[in-house]
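Engineer: First the structure, which I've put down as structure tokens, then a few questions once you've had a look.
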Amino acid sequence: MEERIPAVAMRDITKRFGPVVANDNCWLNIYRGEILALLGENGSGKTTLMNMLSGVYFPDEGTIAIDGKHVVIRSPKDAFALGIGMIHQHFKLVDVLTAAENIVLGLPGKLDLKAATAKIREICDTYQFDVDPNQKIYDMSVSQKQTVEIVKVLYRGADILILDEPTAVLTPQETDKLFAVLRNMRNDGKAIVIITHKMHEVEALSDRVAVLRHGQFVGDMLTKNTNAQEMTNMMVGHPVVLNIKRPEPVNPKPRIEVKGLTVRSMDGFLKLEDVSFTANSGEILGIAGISGCGQKELLEAIAGLQPVEAGSISYVNDNGEREELLGKDPLSIQSMGVALSFVPEDRLGMGLVANMDLADNMMLRSFRRGKSLFTDRHSPHKLAENVVHDLDVQTPSVETPVRRLSGGNVQKVLVGREIAEAPKVLLTAYAVRGLDINSSYTIYDLINEQKAAGVAVIYVGEDLDVLLELADRILVLCGGKVSGIIPGRGAKKRDVGLMMTKLGGVGE
Amino acid sequence: MFDIVSFIPRAVMQGIPLMLGCTGETITEKSGNLNLGTAGIMYVGGICGVIGAFLYENSGVVMVPVLTVLIPLLSCLLGSLLMGLLYCFLTVTLRANQNVTGLAMTTFGVGFGNFFGGSLIKLVKADIPSVVLTKTSLVFSRKLPFAGNLGWFGRIFLNYSFLAYAAIALALIASYVLKRTRTGLHLRAVGENPSTADTAGINVVRYKYTATCLGSMISGLGGLYYVMDYASGVWTNGAFGDRGWLAVALVIFTIWRPNVSIFASILFGGLYILNIYIPTGPNLAIKEIYKMAPYVVTIIVLIITSMRNKRENQPPAALGLPYFREER
């Protein structure tokens, strides 16, 4: 079987961004009728390599051959012509246009939306997609947007599909559906590349695995001949221990008590309805739910950033005295030891300023401190260096603007800063969103350290498998209501998944 | 008494420069370029037309009507095209800040106009500081021949020169292209989300250049219309005033729809001259208050549009932002 001609053969590809070498003499084979999982740590150049294949970037050196023929891909248009379609991690869709308009975007010829709609319906029928061609993108859920992206590349007749972290924003059920579709396409003889950090997905879906490290190709193997441990070791370059510790909570005492919390969004939609729970010190309370089910509003309400319609949030200090957080401004809530680290979908939307460097971003938390007329630049600089060192942030220096870092590294900076505050309550959402497995474990360890230090951790997670392993208790949100609170030990993924989609999780 | 039959044609003529400016700026903004240089470009369009007409009138040859129109028209288009190209080169190719570039170009355009206007005024050695191009203006302001025979209907609807009808046609065409054609769809995508457009295989740079230059040329026509028809061929430094800025404000007022701009600019034109038609008595201070009307309405409209939540009515999402494919 090794005599097959690869659908795509990338050889000696090098790409530099200024002083940063994203890909260094990298090579890769992609075959038809096969799902290839492309693995690597954050910043190892997976996305850059795929962007060169889809014409977004142009390689500085190296060659690309499609079906054995040497090609030059100068623009996304060239890539389409070769049948290459990429589904980017951040969807490339125009919000104010309809699905059909987005799908035909960039194609030549007269604009005939009726014919396009018919063709889209046909594709949807073939693969059992559920897309309304006339729906506007801003009205769609994340998984619907992703479906539009997939239809878009299929509409263009792509037979080499690249998916960059497609499951990062999907529920388990949606992920299963996507995988079924991908398997269908593979059986159709299409070549599929999937970039993901979730090992169980790699094992469940892919036929072959290719690993990148520091922009170089380390090796590939058949998925059935390997395991998560081996793949991770290859990615990191040295053996790592793969299990999430879950120490027993030490002396848990109520720290945050939320009662009957109701939050309405600016446009009048009910985002949270009658939410009540207690977060204990020395314990991790995991929050599960489909994205957009009120997780953000919940954390923001506790941090004082969200106007609340009804309910109460009280903070209980070590002596058992209670203090109402509602009505306090975010600054005084923060000074009581409540730290919020929210990693939004675009990673930079909250908490970090993209154009400022690492040290200055550290300063966003500390600049009010001290009595001097001038700000203290020394300690943030020091803190930035510590975070870079402790969390192994890939950056040329602490003076680099945050926007130049790869996504995962940006997150490490954010989480690192929040933890450095030594909080009493740590609110963290999607702390490992898009992070590679090694960095994720670093973050889990950090969170566990905080737990051991008696911090009440509220952890909003996207990866249910992790949530089930990490959290002491899991609160499941469904459409802004509490679907249930269950102990993390012994919880079943299927049950939590059902609770996420249906209040109480019963029925079906 | 409020004389509506004579008020409307004046309002329309006042509105045509705004309509052209607004249509041009809308096309520009749909590509994601916020060209605040429109005021300057309309100025440059006006003075270039004046220079062309001046040279032709004073060249000593017998004037042919076709050339009398074509020479100022082409000079105007060329001048505004160069302004558009300059803006694109600075903001798209060199990725300079759009606001700063636009403001600089307005300052430049006004200065350019006043400099050459002043030079021409010196050349003609007139008593009053203006250049008068009567012959050119007569051709430019020629109305439909039968307009006078149709009573009030003719006076309100048929009483305009060809540039006025061209302005309305351009606005309708722009509207159609933006809404119904593939070019329009691609242009909207470029202005909304250039990286998406780029990955879809649309040449973002080409769209930005084309739309901005085309938009500049249409805006420039507004300056030409103002001098040759509205002002009867009289160029006076500074007479064009702040119409360019009103055109930019109109773009927001019309929520980026050229067809709406036809009514909106006539409305603004009416507000602009309202103070002449409303009897205010001997107290001139009240007139000054009426002169504020277009600006007050602009501010009110800005408040209302920003309160609306409908996504389609928002400015192009990437308006004012530079785009570079390999930006990380």
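Every chain in the structure tokens takes a letter, A first, then B, and so on in the order presented; its residues are numbered from 1, and the ligands are numbered from 1 following the presented order.
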Tell me, as a VMD selection string, which residues lie within 8 Å of A:Lys152, counting only C-alpha atoms; anything in the same chain fewer than 6 positions away does not count.

Structural biologist: chain A and resid 102 to 104

Engineer: So which residues touch A:Gly408 within 9 Å, counting only C-alpha atoms, skipping near sequence neighbours fewer than 6 positions away, as a list of chain:residue names?

Structural biologist: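 Residues meeting the cut-off are A:Glu41, A:Asn42, A:Gly43, A:Arg347, A:Val393, A:Val432, A:Arg433, A:Gly434, A:Leu435, A:Asp436, A:Ser439.
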
Engineer: Print the selection's residues with C-alpha atoms to a file, as a PDB file, in the first residue's frame.

Structural biologist:
ATOM      1  CA  GLU A  41       1.585  21.355  20.121  1.00  0.00           C
ATOM      2  CA  ASN A  42       0.314  24.917  19.872  1.00  0.00           C
ATOM      3  CA  GLY A  43       2.585  26.902  17.632  1.00  0.00           C
ATOM      4  CA  ARG A 347      -9.318  34.388  22.572  1.00  0.00           C
ATOM      5  CA  VAL A 393       4.958  30.135  26.339  1.00  0.00           C
ATOM      6  CA  VAL A 432      -7.837  25.051  27.494  1.00  0.00           C
ATOM      7  CA  ARG A 433      -9.850  25.979  24.421  1.00  0.00           C
ATOM      8  CA  GLY A 434      -7.618  25.183  21.486  1.00  0.00           C
ATOM      9  CA  LEU A 435      -4.670  24.275  23.693  1.00  0.00           C
ATOM     10  CA  ASP A 436      -2.562  21.272  22.854  1.00  0.00           C
ATOM     11  CA  SER A 439      -0.273  22.741  27.648  1.00  0.00           C
TER      12      SER A 439
END

Engineer: Give as a PyMOL selection string every residue of chain A that touches chain B within 7 Å, counting only C-alpha atoms.

Structural biologist: chain A and resi 56-57+75-77+92-94+96+105-106+110-111+403-404

Engineer: Rounded to one decimal in Å, what is the spacing between atom CA of A:Arg369 and atom CA of A:Leu331?

Structural biologist: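 Pair atom CA of A:Arg369 / atom CA of A:Leu331 returns 12.4 Å.
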
Engineer: I'd like the contact shell of B:Pro315 - 12 Å cut-off, only C-alpha atoms, skipping same-chain residues fewer than 4 positions apart - returned as a ChimeraX atom specification.

Structural biologist: /A:96 /B:26,29-34,188,191-193,251-257,302,305-306,308-311,319-320

Engineer: For the residues in that selection, give me C-alpha atoms as an mmCIF file, in the first residue's frame.

Structural biologist:
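Resulting contents of again_19.cif:
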data_model
loop_
_atom_site.group_PDB
_atom_site.id
_atom_site.type_symbol
_atom_site.label_atom_id
_atom_site.label_comp_id
_atom_site.auth_asym_id
_atom_site.auth_seq_id
_atom_site.Cartn_x
_atom_site.Cartn_y
_atom_site.Cartn_z
ATOM 1 C CA VAL A 96 -24.948 39.604 7.227
ATOM 2 C CA THR B 26 -21.415 54.424 -0.290
ATOM 3 C CA GLU B 29 -17.502 52.284 2.085
ATOM 4 C CA LYS B 30 -18.989 49.022 0.867
ATOM 5 C CA SER B 31 -15.417 47.991 0.071
ATOM 6 C CA GLY B 32 -14.425 48.712 3.675
ATOM 7 C CA ASN B 33 -12.702 51.997 2.891
ATOM 8 C CA LEU B 34 -13.949 54.880 4.998
ATOM 9 C CA ARG B 188 -20.118 43.600 0.196
ATOM 10 C CA GLY B 191 -16.272 45.333 3.158
ATOM 11 C CA GLU B 192 -17.785 43.002 5.717
ATOM 12 C CA ASN B 193 -15.019 40.488 6.147
ATOM 13 C CA VAL B 251 -24.213 57.650 3.787
ATOM 14 C CA ILE B 252 -25.055 56.800 7.382
ATOM 15 C CA PHE B 253 -28.492 58.401 7.072
ATOM 16 C CA THR B 254 -29.275 56.175 4.090
ATOM 17 C CA ILE B 255 -27.892 53.103 5.889
ATOM 18 C CA TRP B 256 -25.576 52.423 2.950
ATOM 19 C CA ARG B 257 -28.327 52.275 0.336
ATOM 20 C CA LEU B 302 -26.813 59.025 13.897
ATOM 21 C CA THR B 305 -29.187 54.335 13.525
ATOM 22 C CA SER B 306 -26.862 53.415 16.348
ATOM 23 C CA ARG B 308 -31.196 50.033 15.822
ATOM 24 C CA ASN B 309 -30.098 46.478 16.303
ATOM 25 C CA LYS B 310 -30.766 45.055 12.880
ATOM 26 C CA ARG B 311 -27.543 43.660 11.536
ATOM 27 C CA LEU B 319 -15.099 49.606 7.594
ATOM 28 C CA GLY B 320 -11.934 51.551 8.330
#

Engineer: Residues within 10 Å of stretch 467-472 of chain A, please, as an MDAnalysis selection string. Count only C-alpha atoms; anything in the same chain fewer than 4 positions from it doesn't count.

Structural biologist: chainID A and resid 243:249 282:288 444:445 447:448 457:463 486:493 496

Engineer: Would you please give, as a PyMOL selection string, all residues of stretch 92-182 of chain A that DSSP assigns to strand (DSSP E) based on the backbone?

Structural biologist: chain A and resi 160-164

Engineer: Find the spatial neighbours of A:Arg11, counting only C-alpha atoms, within a cut-off of 10 Å - ignore same-chain residues fewer than 2 positions away - and output them as an mmCIF file with all heavy atoms, in the first residue's frame.

Structural biologist:
data_model
loop_
_atom_site.group_PDB
_atom_site.id
_atom_site.type_symbol
_atom_site.label_atom_id
_atom_site.label_comp_id
_atom_site.auth_asym_id
_atom_site.auth_seq_id
_atom_site.Cartn_x
_atom_site.Cartn_y
_atom_site.Cartn_z
ATOM 1 N N VAL A 8 -1.771 14.793 -1.871
ATOM 2 C CA VAL A 8 -0.957 15.989 -1.649
ATOM 3 C C VAL A 8 0.394 15.545 -1.119
ATOM 4 O O VAL A 8 0.460 14.732 -0.203
ATOM 5 C CB VAL A 8 -1.606 16.934 -0.610
ATOM 6 C CG1 VAL A 8 -0.708 18.132 -0.354
ATOM 7 C CG2 VAL A 8 -2.974 17.377 -1.070
ATOM 8 N N ALA A 9 1.447 16.059 -1.708
ATOM 9 C CA ALA A 9 2.788 15.810 -1.182
ATOM 10 C C ALA A 9 3.458 17.160 -0.974
ATOM 11 O O ALA A 9 3.713 17.881 -1.931
ATOM 12 C CB ALA A 9 3.593 14.950 -2.159
ATOM 13 N N ILE A 13 8.920 22.316 3.094
ATOM 14 C CA ILE A 13 8.224 23.603 3.190
ATOM 15 C C ILE A 13 8.775 24.414 4.360
ATOM 16 O O ILE A 13 8.860 23.917 5.488
ATOM 17 C CB ILE A 13 6.713 23.386 3.414
ATOM 18 C CG1 ILE A 13 6.110 22.549 2.289
ATOM 19 C CG2 ILE A 13 6.002 24.717 3.595
ATOM 20 C CD1 ILE A 13 5.763 23.299 1.049
ATOM 21 N N THR A 14 9.156 25.647 4.068
ATOM 22 C CA THR A 14 9.611 26.553 5.119
ATOM 23 C C THR A 14 8.799 27.828 5.035
ATOM 24 O O THR A 14 8.551 28.334 3.947
ATOM 25 C CB THR A 14 11.106 26.879 4.958
ATOM 26 O OG1 THR A 14 11.834 25.659 5.052
ATOM 27 C CG2 THR A 14 11.584 27.837 6.043
ATOM 28 N N ASN A 25 11.425 23.215 6.870
ATOM 29 C CA ASN A 25 11.654 22.025 6.053
ATOM 30 C C ASN A 25 10.642 20.929 6.343
ATOM 31 O O ASN A 25 11.008 19.769 6.523
ATOM 32 C CB ASN A 25 13.066 21.487 6.271
ATOM 33 C CG ASN A 25 14.072 22.309 5.503
ATOM 34 O OD1 ASN A 25 13.846 22.618 4.324
ATOM 35 N ND2 ASN A 25 15.153 22.699 6.157
ATOM 36 N N CYS A 26 9.406 21.328 6.389
ATOM 37 C CA CYS A 26 8.358 20.407 6.776
ATOM 38 C C CYS A 26 7.892 19.610 5.561
ATOM 39 O O CYS A 26 7.857 20.114 4.452
ATOM 40 C CB CYS A 26 7.193 21.205 7.330
ATOM 41 S SG CYS A 26 6.078 20.217 8.271
ATOM 42 N N TRP A 27 7.544 18.344 5.777
ATOM 43 C CA TRP A 27 6.913 17.626 4.671
ATOM 44 C C TRP A 27 5.751 16.793 5.154
ATOM 45 O O TRP A 27 5.626 16.489 6.342
ATOM 46 C CB TRP A 27 7.928 16.824 3.866
ATOM 47 C CG TRP A 27 8.531 15.636 4.557
ATOM 48 C CD1 TRP A 27 9.543 15.652 5.453
ATOM 49 C CD2 TRP A 27 8.169 14.274 4.371
ATOM 50 N NE1 TRP A 27 9.850 14.386 5.848
ATOM 51 C CE2 TRP A 27 9.025 13.516 5.196
ATOM 52 C CE3 TRP A 27 7.216 13.630 3.579
ATOM 53 C CZ2 TRP A 27 8.937 12.127 5.264
ATOM 54 C CZ3 TRP A 27 7.129 12.241 3.653
ATOM 55 C CH2 TRP A 27 7.990 11.507 4.482
ATOM 56 N N LEU A 28 4.852 16.483 4.222
ATOM 57 C CA LEU A 28 3.619 15.829 4.614
ATOM 58 C C LEU A 28 2.988 15.149 3.408
ATOM 59 O O LEU A 28 3.020 15.669 2.309
ATOM 60 C CB LEU A 28 2.634 16.892 5.149
ATOM 61 C CG LEU A 28 1.339 16.372 5.756
ATOM 62 C CD1 LEU A 28 1.619 15.680 7.071
ATOM 63 C CD2 LEU A 28 0.355 17.508 5.969
ATOM 64 N N ASN A 29 2.444 13.961 3.625
ATOM 65 C CA ASN A 29 1.688 13.254 2.586
ATOM 66 C C ASN A 29 0.230 13.149 3.008
ATOM 67 O O ASN A 29 -0.057 12.802 4.151
ATOM 68 C CB ASN A 29 2.218 11.826 2.393
ATOM 69 C CG ASN A 29 3.521 11.823 1.617
ATOM 70 O OD1 ASN A 29 3.858 12.794 0.938
ATOM 71 N ND2 ASN A 29 4.263 10.736 1.732
ATOM 72 N N GLU A 61 9.908 28.547 1.069
ATOM 73 C CA GLU A 61 10.672 27.534 0.343
ATOM 74 C C GLU A 61 9.837 26.269 0.273
ATOM 75 O O GLU A 61 8.902 26.093 1.037
ATOM 76 C CB GLU A 61 11.980 27.211 1.097
ATOM 77 C CG GLU A 61 13.004 28.321 1.067
ATOM 78 C CD GLU A 61 14.055 28.104 2.160
ATOM 79 O OE1 GLU A 61 14.325 26.941 2.518
ATOM 80 O OE2 GLU A 61 14.589 29.115 2.661
ATOM 81 N N GLY A 62 10.226 25.357 -0.628
ATOM 82 C CA GLY A 62 9.579 24.063 -0.669
ATOM 83 C C GLY A 62 8.617 23.912 -1.835
ATOM 84 O O GLY A 62 8.302 24.867 -2.545
ATOM 85 N N THR A 63 8.165 22.661 -2.039
ATOM 86 C CA THR A 63 7.299 22.372 -3.181
ATOM 87 C C THR A 63 6.057 21.622 -2.728
ATOM 88 O O THR A 63 6.060 20.946 -1.696
ATOM 89 C CB THR A 63 8.017 21.482 -4.212
ATOM 90 O OG1 THR A 63 8.409 20.278 -3.543
ATOM 91 C CG2 THR A 63 9.231 22.173 -4.792
ATOM 92 N N ILE A 64 5.004 21.781 -3.513
ATOM 93 C CA ILE A 64 3.767 21.049 -3.259
ATOM 94 C C ILE A 64 3.398 20.305 -4.541
ATOM 95 O O ILE A 64 3.470 20.876 -5.635
ATOM 96 C CB ILE A 64 2.631 22.017 -2.877
ATOM 97 C CG1 ILE A 64 2.991 22.798 -1.609
ATOM 98 C CG2 ILE A 64 1.321 21.255 -2.677
ATOM 99 C CD1 ILE A 64 2.010 23.893 -1.261
ATOM 100 N N ALA A 65 3.044 19.030 -4.393
ATOM 101 C CA ALA A 65 2.592 18.267 -5.562
ATOM 102 C C ALA A 65 1.202 17.714 -5.270
ATOM 103 O O ALA A 65 0.930 17.225 -4.171
ATOM 104 C CB ALA A 65 3.555 17.131 -5.862
#

Engineer: List the spatial neighbours of A:Leu113 as a ChimeraX atom specification - criterion: any atom at most 8 Å away, only C-alpha atoms, same-chain residues fewer than 2 positions off excluded.

Structural biologist: /A:100-101,111,115-117

Engineer: Going by DSSP on the backbone, which bits of stretch 123-156 of chain B are helix (DSSP H, G or I)? Write them as a ChimeraX atom specification, please.

Structural biologist: /B:123-124,134-140,147-156

Engineer: Can you pull out the residues contacting B:Ile168? Cut-off 9 Å, using only C-alpha atoms, and skip same-chain residues under 6 positions away; I want them as a VMD selection string.

Structural biologist: chain B and resid 16 19 to 20 259 262

Engineer: Just give me the gap between atom CA of A:Gly311 and atom CA of A:Lys259 in Å, one decimal is fine.

Structural biologist: 5.5 Å
